[in-house]
$ cat protein27.cif   # mmCIF, C-alpha atoms
data_work
loop_
_atom_site.label_atom_id
_atom_site.label_comp_id
_atom_site.auth_asym_id
_atom_site.auth_seq_id
_atom_site.Cartn_x
_atom_site.Cartn_y
_atom_site.Cartn_z
CA MET A 28 0.00 0.00 0.00
CA ASN A 29 1.59 3.28 -1.11
CA GLN A 30 1.83 6.55 0.81
CA GLU A 31 -1.08 8.13 -1.04
CA ALA A 32 -3.41 5.35 0.08
CA TRP A 33 -2.45 6.00 3.71
CA LEU A 34 -2.92 9.76 3.52
CA SER A 35 -5.94 10.08 1.23
CA TRP A 36 -9.50 10.52 2.49
CA PRO A 37 -12.38 8.36 1.35
CA SER A 38 -14.16 10.25 -1.43
CA ARG A 39 -17.10 12.49 -0.58
CA GLU A 40 -19.31 10.21 -2.68
CA ALA A 41 -18.24 7.34 -0.39
CA LEU A 42 -18.92 9.35 2.78
CA SER A 43 -22.25 10.71 1.63
CA ARG A 44 -25.53 9.02 2.52
CA ALA A 45 -27.56 10.92 -0.07
CA ASP A 46 -27.44 8.30 -2.84
CA LEU A 47 -28.05 5.20 -0.74
CA THR A 48 -30.74 2.83 -1.91
CA PRO A 49 -33.88 2.72 0.26
CA ALA A 50 -32.88 -0.70 1.60
CA ARG A 51 -29.40 0.47 2.65
CA ARG A 52 -30.80 3.69 4.11
CA ASN A 53 -33.36 1.80 6.18
CA LEU A 54 -30.68 -0.65 7.33
CA ALA A 55 -28.39 2.20 8.40
CA ARG A 56 -31.21 3.86 10.30
CA SER A 57 -32.10 0.60 12.00
CA ILE A 58 -28.49 0.04 13.08
CA ARG A 59 -28.25 3.55 14.48
CA ALA A 60 -31.52 3.08 16.33
CA VAL A 61 -30.32 -0.23 17.80
CA VAL A 62 -26.98 1.27 18.89
CA PHE A 63 -28.68 4.28 20.42
CA GLY A 64 -31.14 2.01 22.22
CA ALA A 65 -28.29 -0.15 23.50
CA LEU A 66 -26.51 2.92 24.81
CA LEU A 67 -29.62 4.05 26.64
CA TRP A 68 -30.24 0.56 28.00
CA SER A 69 -26.68 0.37 29.30
CA THR A 70 -27.26 3.49 31.40
CA PHE A 71 -30.13 1.81 33.26
CA ALA A 72 -29.00 -1.84 33.37
CA GLY A 73 -28.10 -2.89 36.89
CA ARG A 74 -28.93 0.54 38.32
CA THR A 75 -32.47 0.07 39.60
CA GLY A 76 -31.59 1.81 42.84
CA ALA A 77 -29.70 4.68 41.28
CA GLY A 78 -30.81 8.22 41.93
CA GLY A 79 -32.41 10.51 39.39
CA TRP A 80 -29.25 12.58 38.97
CA THR A 81 -27.23 9.49 38.09
CA VAL A 82 -29.70 8.40 35.43
CA ALA A 83 -29.90 11.94 34.05
CA ALA A 84 -26.10 12.09 33.83
CA GLY A 85 -26.04 8.81 31.94
CA VAL A 86 -28.67 9.98 29.46
CA ALA A 87 -26.76 13.26 29.02
CA VAL A 88 -23.60 11.32 28.21
CA VAL A 89 -25.45 9.21 25.62
CA VAL A 90 -27.04 12.26 23.98
CA GLY A 91 -23.74 14.14 24.02
CA CYS A 92 -21.94 11.22 22.37
CA ALA A 93 -24.68 11.00 19.71
CA LEU A 94 -24.22 14.70 18.93
CA LEU A 95 -20.45 14.27 18.77
CA ALA A 96 -20.89 11.34 16.41
CA ARG A 97 -23.11 13.46 14.17
CA THR A 98 -20.48 16.20 14.20
CA PHE A 99 -17.78 13.64 13.38
CA PHE A 100 -19.77 12.45 10.34
CA ARG A 101 -20.15 16.02 9.05
CA LEU A 102 -16.48 16.92 9.64
CA THR A 103 -15.21 13.83 7.88
CA TYR A 104 -17.50 14.53 4.93
CA ALA A 105 -15.86 17.98 4.74
CA HIS A 106 -12.39 16.29 4.98
CA ARG A 107 -11.40 18.31 8.07
CA LEU A 108 -8.85 16.11 9.83
CA TRP A 109 -8.07 17.78 13.15
CA PRO A 110 -11.66 18.70 14.10
CA SER A 111 -12.67 15.15 13.15
CA LEU A 112 -9.97 13.66 15.37
CA LEU A 113 -10.95 15.97 18.22
CA SER A 114 -14.61 14.90 18.09
CA LEU A 115 -13.57 11.23 17.95
CA LEU A 116 -11.20 11.61 20.90
CA LEU A 117 -13.96 13.31 22.89
CA VAL A 118 -16.22 10.29 22.36
CA MET A 119 -13.39 7.96 23.41
CA GLY A 120 -12.79 10.14 26.47
CA ALA A 121 -16.50 9.95 27.28
CA ALA A 122 -16.23 6.15 27.06
CA ALA A 123 -13.32 6.19 29.53
CA GLY A 124 -15.36 8.39 31.87
CA ALA A 125 -18.35 6.07 31.56
CA LYS A 126 -16.16 3.09 32.49
CA ALA A 127 -14.74 4.92 35.49
CA THR A 128 -18.26 5.70 36.78
CA GLY A 129 -19.50 2.15 36.36
CA TRP A 130 -21.14 2.21 32.92
CA GLY A 131 -19.05 -0.60 31.50
CA VAL A 132 -21.44 -1.63 28.70
CA LEU A 133 -21.76 1.97 27.54
CA ALA A 134 -17.97 2.30 27.41
CA LEU A 135 -17.56 -0.92 25.41
CA ILE A 136 -20.17 0.13 22.85
CA LEU A 137 -18.59 3.56 22.42
CA TRP A 138 -15.09 2.16 21.95
CA CYS A 139 -16.30 -0.37 19.41
CA GLY A 140 -18.20 2.31 17.49
CA CYS A 141 -15.15 4.61 17.46
CA ALA A 142 -12.91 1.82 16.17
CA VAL A 143 -15.21 0.86 13.30
CA THR A 144 -16.16 4.42 12.32
CA ALA A 145 -12.55 5.65 12.32
CA LEU A 146 -11.53 2.95 9.84
CA GLU A 147 -14.52 3.70 7.65
CA ARG A 148 -14.25 7.50 7.43
CA LEU A 149 -10.71 8.73 8.25
CA PRO A 150 -7.45 8.52 6.27
CA LEU A 151 -5.73 5.28 7.19
CA ALA A 152 -2.75 7.10 8.71
CA ALA A 153 -5.10 8.63 11.29
CA ALA A 154 -7.68 5.83 11.40
CA VAL A 155 -5.30 2.99 12.34
CA PRO A 156 -3.92 4.64 15.54
CA CYS A 157 -7.45 5.64 16.61
CA THR A 158 -8.75 2.15 15.97
CA VAL A 159 -5.83 0.54 17.80
CA ALA A 160 -6.39 2.84 20.79
CA ALA A 161 -10.15 2.17 20.88
CA LEU A 162 -9.82 -1.60 20.47
CA GLY A 163 -6.95 -1.67 22.99
CA ALA A 164 -9.15 0.03 25.57
CA TYR A 165 -11.94 -2.41 24.72
CA ALA A 166 -9.62 -5.39 25.19
CA LEU A 167 -8.32 -4.11 28.54
CA VAL A 168 -11.75 -3.71 30.12
CA ASN A 169 -13.51 -6.66 28.48
CA HIS A 170 -14.07 -9.50 30.93
CA ASP A 171 -14.39 -12.32 28.38
CA ASN A 172 -11.62 -14.87 27.88
CA TRP A 173 -8.62 -13.81 25.85
CA LEU A 174 -9.58 -15.83 22.75
CA THR A 175 -13.02 -14.22 22.55
CA THR A 176 -11.48 -10.79 23.05
CA VAL A 177 -8.92 -11.36 20.27
CA VAL A 178 -11.55 -12.62 17.85
CA THR A 179 -13.88 -9.73 18.70
CA THR A 180 -11.22 -7.04 18.25
CA ALA A 181 -10.02 -8.60 14.98
CA GLY A 182 -13.61 -8.84 13.74
CA LEU A 183 -14.32 -5.20 14.60
CA GLY A 184 -11.18 -4.05 12.77
CA LEU A 185 -12.07 -6.17 9.76
CA ALA A 186 -15.66 -4.88 9.80
CA GLY A 187 -14.46 -1.27 9.78
CA TYR A 188 -12.12 -1.91 6.85
CA VAL A 189 -14.83 -3.78 4.91
CA LEU A 190 -17.20 -0.87 5.44
CA ARG A 191 -14.49 1.44 4.12
CA LEU A 192 -13.99 -0.69 1.00
CA ASP A 193 -17.75 -0.90 0.45
CA ALA A 194 -18.12 2.88 0.75
CA GLU A 195 -15.24 3.44 -1.69
CA ALA A 196 -16.79 1.01 -4.16
CA ARG A 197 -20.11 2.82 -3.90
CA GLY A 198 -18.37 6.17 -4.35
CA THR A 199 -16.52 4.91 -7.42
CA ALA A 200 -19.77 3.63 -8.90
CA LEU A 201 -21.45 6.99 -8.30
CA ARG A 202 -18.56 8.85 -9.96
CA LEU A 203 -18.68 6.53 -12.95
CA LEU A 204 -22.44 7.01 -13.17
CA ALA A 205 -22.03 10.80 -13.09
CA GLN A 206 -19.36 10.60 -15.80
CA GLU A 207 -21.61 8.41 -17.93
CA ARG A 208 -24.50 10.84 -17.56
CA ALA A 209 -22.23 13.76 -18.46
CA ALA A 210 -20.97 11.86 -21.51
CA ARG A 211 -24.53 11.12 -22.63
CA ALA A 212 -25.52 14.76 -22.14
CA ALA A 213 -22.49 15.88 -24.16
CA GLU A 214 -23.34 13.37 -26.86
CA ALA A 215 -26.94 14.57 -27.00
CA GLN A 216 -25.78 18.18 -27.13
CA SER A 217 -23.35 17.36 -29.91
CA ALA A 218 -26.12 15.63 -31.87
CA ALA A 219 -28.41 18.63 -31.34
CA LEU A 220 -25.69 21.02 -32.53
CA GLY A 221 -25.11 18.85 -35.58
CA GLU A 222 -28.81 18.85 -36.40
CA ARG A 223 -29.00 22.61 -35.91
CA ALA A 224 -26.01 23.06 -38.22
CA ARG A 225 -27.74 20.90 -40.83
CA ILE A 226 -30.94 22.98 -40.56
CA ALA A 227 -28.86 26.16 -40.82
CA ARG A 228 -27.25 24.88 -44.02
CA GLU A 229 -30.65 24.05 -45.48
CA ILE A 230 -32.02 27.50 -44.62
CA HIS A 231 -28.94 29.15 -46.05
CA ASP A 232 -29.06 27.16 -49.27
CA VAL A 233 -32.78 27.71 -49.83
CA LEU A 234 -34.18 30.79 -48.07
CA ALA A 235 -31.10 33.00 -47.84
CA HIS A 236 -30.12 32.25 -51.43
CA SER A 237 -33.68 33.00 -52.60
CA LEU A 238 -33.80 36.32 -50.72
CA SER A 239 -30.42 37.32 -52.09
CA ALA A 240 -31.63 36.59 -55.62
CA GLN A 241 -34.80 38.62 -54.97
CA LEU A 242 -32.70 41.56 -53.82
CA VAL A 243 -30.68 41.44 -57.02
CA HIS A 244 -33.81 41.30 -59.20
CA LEU A 245 -35.58 44.05 -57.24
CA GLU A 246 -32.54 46.30 -57.47
CA ALA A 247 -32.40 45.67 -61.23
CA ALA A 248 -36.13 46.43 -61.47
CA ARG A 249 -35.65 49.68 -59.55
CA LEU A 250 -32.89 50.79 -61.90
CA LEU A 251 -35.02 49.98 -64.95
CA ILE A 252 -38.07 51.81 -63.57
CA GLU A 253 -36.01 54.89 -62.72
CA ARG A 254 -35.04 55.16 -66.42
CA GLU A 255 -38.69 55.49 -67.42
CA PRO A 256 -40.31 58.92 -67.82
CA ALA A 257 -41.66 60.38 -64.60
CA GLY A 258 -45.36 59.86 -63.94
CA GLU A 259 -47.86 58.83 -61.31
CA PHE A 260 -47.97 55.19 -62.40
CA ARG A 261 -44.17 54.96 -62.62
CA ASP A 262 -43.77 56.52 -59.14
CA ARG A 263 -46.28 54.11 -57.62
CA ILE A 264 -44.52 51.11 -59.13
CA LEU A 265 -41.13 52.43 -57.99
CA GLU A 266 -42.44 52.93 -54.47
CA ARG A 267 -43.71 49.35 -54.31
CA VAL A 268 -40.43 47.96 -55.69
CA VAL A 269 -38.38 49.96 -53.19
CA ALA A 270 -40.63 48.76 -50.35
CA ALA A 271 -40.32 45.16 -51.54
CA ARG A 272 -36.55 45.54 -51.73
CA GLY A 273 -36.49 46.84 -48.14
CA MET A 274 -38.60 43.92 -46.94
CA ALA A 275 -36.34 41.45 -48.73
CA ARG A 276 -33.27 43.11 -47.20
CA ASP A 277 -34.80 42.98 -43.71
CA GLY A 278 -35.82 39.36 -44.22
CA LEU A 279 -32.30 38.45 -45.34
CA ALA A 280 -30.78 40.18 -42.31
CA GLU A 281 -33.15 38.38 -39.94
CA THR A 282 -32.52 35.08 -41.70
CA ARG A 283 -28.80 35.56 -41.15
CA GLN A 284 -29.46 36.29 -37.48
CA ALA A 285 -31.49 33.08 -37.20
CA LEU A 286 -28.69 31.16 -38.89
CA SER A 287 -26.17 32.59 -36.44
CA ALA A 288 -28.41 31.54 -33.55
CA LEU A 289 -28.68 28.01 -34.91
CA ARG A 290 -24.91 27.78 -35.27
CA GLY A 291 -24.28 29.32 -31.84
CA GLU A 292 -22.34 32.21 -33.38
CA MET A 293 -24.49 35.11 -32.18
CA THR A 294 -22.82 38.37 -31.21
CA PRO A 295 -23.38 39.62 -27.63
CA VAL A 296 -26.79 41.15 -27.08
CA GLU A 297 -25.39 44.55 -26.12
CA ASP A 298 -23.40 44.72 -29.38
CA PHE A 299 -26.55 43.84 -31.32
CA LEU A 300 -28.49 46.62 -29.58
CA HIS A 301 -25.81 49.20 -30.40
CA THR A 302 -25.86 48.05 -34.03
CA LEU A 303 -29.66 48.13 -34.00
CA VAL A 304 -29.96 51.76 -32.90
CA GLU A 305 -27.01 53.03 -34.94
CA GLY A 306 -27.46 51.13 -38.21
CA PRO A 307 -29.34 52.59 -41.13
CA GLY A 308 -32.85 51.27 -41.75
CA GLY A 309 -33.65 47.69 -40.99
CA GLY A 310 -36.33 48.69 -38.50
CA SER A 311 -33.70 49.92 -36.12
CA GLY A 312 -35.14 53.30 -35.54
CA ALA A 313 -33.15 55.29 -38.05
CA ALA A 314 -35.79 57.98 -37.77
CA CYS A 315 -35.37 58.36 -34.02
CA ALA A 316 -32.57 59.27 -31.59
CA ALA A 317 -31.77 56.23 -29.46
CA ARG A 318 -29.24 55.43 -26.77
CA VAL A 319 -28.32 52.10 -25.18
CA GLN A 320 -27.53 51.56 -21.50
CA VAL A 321 -26.20 48.22 -20.20
CA GLU A 322 -26.20 47.38 -16.48
CA GLY A 323 -25.03 44.38 -14.49
CA GLU A 324 -22.28 41.86 -15.10
CA ARG A 325 -22.27 40.88 -18.75
CA ARG A 326 -22.44 37.18 -19.59
CA ALA A 327 -23.38 34.88 -22.44
CA LEU A 328 -27.12 34.25 -22.63
CA PRO A 329 -28.92 31.07 -23.72
CA ALA A 330 -29.85 31.12 -27.39
CA GLU A 331 -33.61 31.33 -26.74
CA ALA A 332 -33.32 34.22 -24.26
CA SER A 333 -30.83 36.07 -26.47
CA GLN A 334 -33.05 35.72 -29.53
CA THR A 335 -36.12 36.90 -27.60
CA VAL A 336 -34.32 40.02 -26.37
CA ARG A 337 -33.18 40.81 -29.91
CA ARG A 338 -36.63 40.34 -31.42
CA VAL A 339 -38.38 42.45 -28.78
CA ALA A 340 -35.83 45.26 -29.14
CA GLN A 341 -36.19 45.18 -32.92
CA GLU A 342 -39.99 45.18 -32.70
CA ALA A 343 -40.10 48.00 -30.16
CA LEU A 344 -37.77 50.23 -32.17
CA THR A 345 -39.73 49.50 -35.34
CA ASN A 346 -42.89 50.64 -33.55
CA VAL A 347 -41.15 53.85 -32.49
CA ARG A 348 -40.02 54.53 -36.05
CA LYS A 349 -43.56 54.02 -37.34
CA HIS A 350 -45.63 55.70 -34.62
CA ALA A 351 -43.27 58.27 -33.09
CA PRO A 352 -40.74 59.38 -35.72
CA GLY A 353 -38.09 61.65 -34.24
CA ALA A 354 -38.83 60.65 -30.64
CA ALA A 355 -35.97 60.08 -28.20
CA VAL A 356 -35.58 56.41 -27.28
CA ALA A 357 -33.82 54.90 -24.25
CA VAL A 358 -32.88 51.22 -24.47
CA ARG A 359 -31.78 49.66 -21.17
CA LEU A 360 -30.44 46.11 -20.87
CA GLU A 361 -29.90 44.80 -17.34
CA TYR A 362 -28.19 41.53 -16.40
CA LEU A 363 -29.80 40.19 -13.22
CA PRO A 364 -28.61 37.14 -11.21
CA HIS A 365 -31.10 34.72 -12.78
CA GLU A 366 -32.67 36.67 -15.63
CA VAL A 367 -32.15 39.48 -18.11
CA ALA A 368 -34.35 42.58 -18.40
CA LEU A 369 -34.87 44.84 -21.41
CA GLU A 370 -36.66 48.18 -21.39
CA VAL A 371 -37.35 50.29 -24.48
CA ARG A 372 -38.87 53.69 -23.69
CA ASP A 373 -39.73 56.49 -26.13
CA SER A 374 -40.65 60.09 -25.42
CA GLY A 375 -43.57 60.62 -27.77
CA GLY A 376 -45.50 57.60 -29.00
CA ARG A 377 -48.79 58.42 -30.68
CA GLY A 378 -50.12 54.92 -31.26
CA SER A 379 -52.35 53.08 -28.83
CA ALA A 380 -51.34 49.90 -27.09
CA GLU A 381 -53.62 47.87 -29.38
CA GLU A 382 -52.08 49.35 -32.51
CA LEU A 383 -48.54 48.76 -31.30
CA ALA A 384 -49.31 45.21 -30.28
CA VAL A 385 -50.01 44.18 -33.84
CA SER A 386 -47.67 46.49 -35.73
CA GLY A 387 -44.03 46.14 -36.62
CA SER A 388 -41.99 43.88 -38.78
CA GLY A 389 -44.41 41.00 -38.78
CA TYR A 390 -43.85 39.71 -35.25
CA GLY A 391 -45.97 42.06 -33.12
CA LEU A 392 -45.60 42.64 -29.41
CA MET A 393 -48.44 40.19 -28.83
CA GLY A 394 -46.35 37.44 -30.39
CA MET A 395 -43.32 38.60 -28.43
CA ARG A 396 -45.34 38.38 -25.21
CA GLU A 397 -46.27 34.78 -26.01
CA ARG A 398 -42.66 34.01 -26.83
CA ALA A 399 -41.48 35.46 -23.50
CA GLU A 400 -44.12 33.49 -21.57
CA LEU A 401 -42.98 30.25 -23.20
CA LEU A 402 -39.54 30.89 -21.66
CA GLY A 403 -41.08 31.63 -18.26
CA GLY A 404 -40.69 35.40 -18.64
CA THR A 405 -42.96 38.41 -18.97
CA LEU A 406 -43.48 41.25 -21.43
CA GLU A 407 -45.37 44.44 -20.65
CA ALA A 408 -46.14 47.18 -23.17
CA GLY A 409 -48.21 50.33 -22.82
CA PRO A 410 -48.28 54.13 -22.48
CA ASP A 411 -45.98 55.59 -19.86
CA GLU A 412 -45.94 59.29 -18.89
CA GLU A 413 -44.87 60.98 -22.13
CA GLY A 414 -44.57 58.07 -24.52
CA PHE A 415 -44.62 54.29 -24.75
CA VAL A 416 -42.59 51.66 -22.88
CA VAL A 417 -41.87 47.98 -23.49
CA ARG A 418 -40.47 45.89 -20.62
CA LEU A 419 -39.19 42.34 -21.04
CA ARG A 420 -37.86 39.93 -18.42
CA VAL A 421 -36.76 36.38 -19.27
CA PRO A 422 -34.82 33.77 -17.28
CA ALA A 423 -31.18 33.57 -18.30
#
$ encode --input "protein27.cif" --output "structure tokens"
Amino acid sequence: MNQEAWLSWPSREALSRADLTPARRNLARSIRAVVFGALLWSTFAGRTGAGGWTVAAGVAVVVGCALLARTFFRLTYAHRLWPSLLSLLLVMGAAAGAKATGWGVLALILWCGCAVTALERLPLAAAVPCTVAALGAYALVNHDNWLTTVVTTAGLGLAGYVLRLDAEARGTALRLLAQERAARAAEAQSAALGERARIAREIHDVLAHSLSAQLVHLEAARLLIEREPAGEFRDRILERVVAARGMARDGLAETRQALSALRGEMTPVEDFLHTLVEGPGGGSGAACAARVQVEGERRALPAEASQTVRRVAQEALTNVRKHAPGAAVAVRLEYLPHEVALEVRDSGGRGSAEELAVSGSGYGLMGMRERAELLGGTLEAGPDEEGFVVRLRVPA
């Protein structure tokens, strides 16, 4: 056995009782109940004429030792050596005091428990001396013949070591199970990412390519129409072509955003908001003065929450451009401990809440509210003092 084996603690998985099967948990509880009952019985056995103070002192010793044992279990789980040894030595000292005051059975039970528990839960370099001391005290005060005493002490030492090996085997099995679960989760995530990449390629090859071709044709149509003589019919057709070109451009930009989300390549939300309020057109509020304020510790957001924040900001700024051109807009993004909050406030909205709920680039604040609620968040939109405000909160 090498030095590391002597100095290393049993793993926390081995010392924990959280993952025991119901049968093992019930067995452990039964054993503790039996030991505690035996300790209490030993304080009364042969003391029918003892006074009340003597019995109370015995019960106090039993309860105190039980509390020390509980403390010892918690300290060893935390791998704190010296406090663990101190609590164990206190129990052994209580056993010596019990023997000196005539509670021989109580002392024997405590020494046996200390010997077995030390081997099960302490590093071997500390457990072996404690076990030898406890079993030595047990052998000195035991009144059985020497052969029975030797067999009993050897059996207690072997039982403690077997319990240690069993706990380590259980801890190893739990670690392997956790690793297997993590590997399966990583495999499932990898498969999901692969499927999302495949979908992104399909969208790019079909929808994005089609929108790009439409932009080219609409731009060519605009140039051809502009060469025609001016007139009401020509101007109406040109206006429709320019509007269709803008819609195709917006659709292509949003398609590229969706593709980035599928591939996990999205830019940070705060960068997107700055681009949204500063970029020309695209529903970003080019016809209004907007500023972005970011609060809290910045962090990467889940794809669904990030996409929802982007869509709501885009929709809100589009509504401002349509219903309150020239209004001042304040966009505030706040990173909270377990969620992210977005607020878009303008200084002069003229549209009603019903109009704004169904307007915009085809999504509508009503749809955004449903999308936020699916993520466990909330979206509120309505008039506020001078203008209109949209507030979004989603878990992240």
$ atom_distance --input "protein27.cif" --atom1 "CA of Asn346 in chain A" --atom2 "CA of Ser239 in chain A"
26.0 Å
$ resolve_selection --input "protein27.cif" --expression "the PyMOL selection byres ((chain A and resi 290) around 10)" --output "count of residues only"
19
$ resolve_selection --input "protein27.cif" --expression "the PyMOL selection byres ((chain A and resi 136-139) around 9)" --output "number ranges by chain"
A: 62, 65-66, 92, 118-119, 121-123, 131-135, 140-144, 158, 160-162, 164-165, 180, 183
$ axis_aligned_box --input "protein27.cif" --around "range 118-133 of chain A" --padding-each-side "8 Å" --output "AutoDock Vina command-line options"
--center_x -17.3 --center_y 4.3 --center_z 29.6 --size_x 25.0 --size_y 27.9 --size_z 30.4
$ resolve_selection --input "protein27.cif" --expression "the PyMOL selection byres ((chain A and resi 269-281) around 10)" --output "ChimeraX atom specification"
/A:231,234-246,248-249,263-268,282-287,308-310,338,388
$ closest_residue --input "protein27.cif" --among "A:Ala127, A:Ala215, A:Leu300, A:Val339" --to "Gly391 in chain A" --atoms "all atoms listed in the file"
A:Val339
$ closest_residue --input "protein27.cif" --among "A:Phe100, A:Asp373, A:Leu146, A:Leu250" --to "Gly353 in chain A" --atoms "only C-alpha atoms"
A:Asp373
$ atom_distance --input "protein27.cif" --atom1 "CA of Gly85 in chain A" --atom2 "CA of Trp130 in chain A"
8.3 Å
$ closest_residue --input "protein27.cif" --among "A:Ala332, A:Ala125, A:Ala60, A:Val304" --to "Val86 in chain A" --atoms "only C-alpha atoms"
A:Ala125
$ atom_distance --input "protein27.cif" --atom1 "CA of Trp109 in chain A" --atom2 "CA of Ala145 in chain A"
13.0 Å
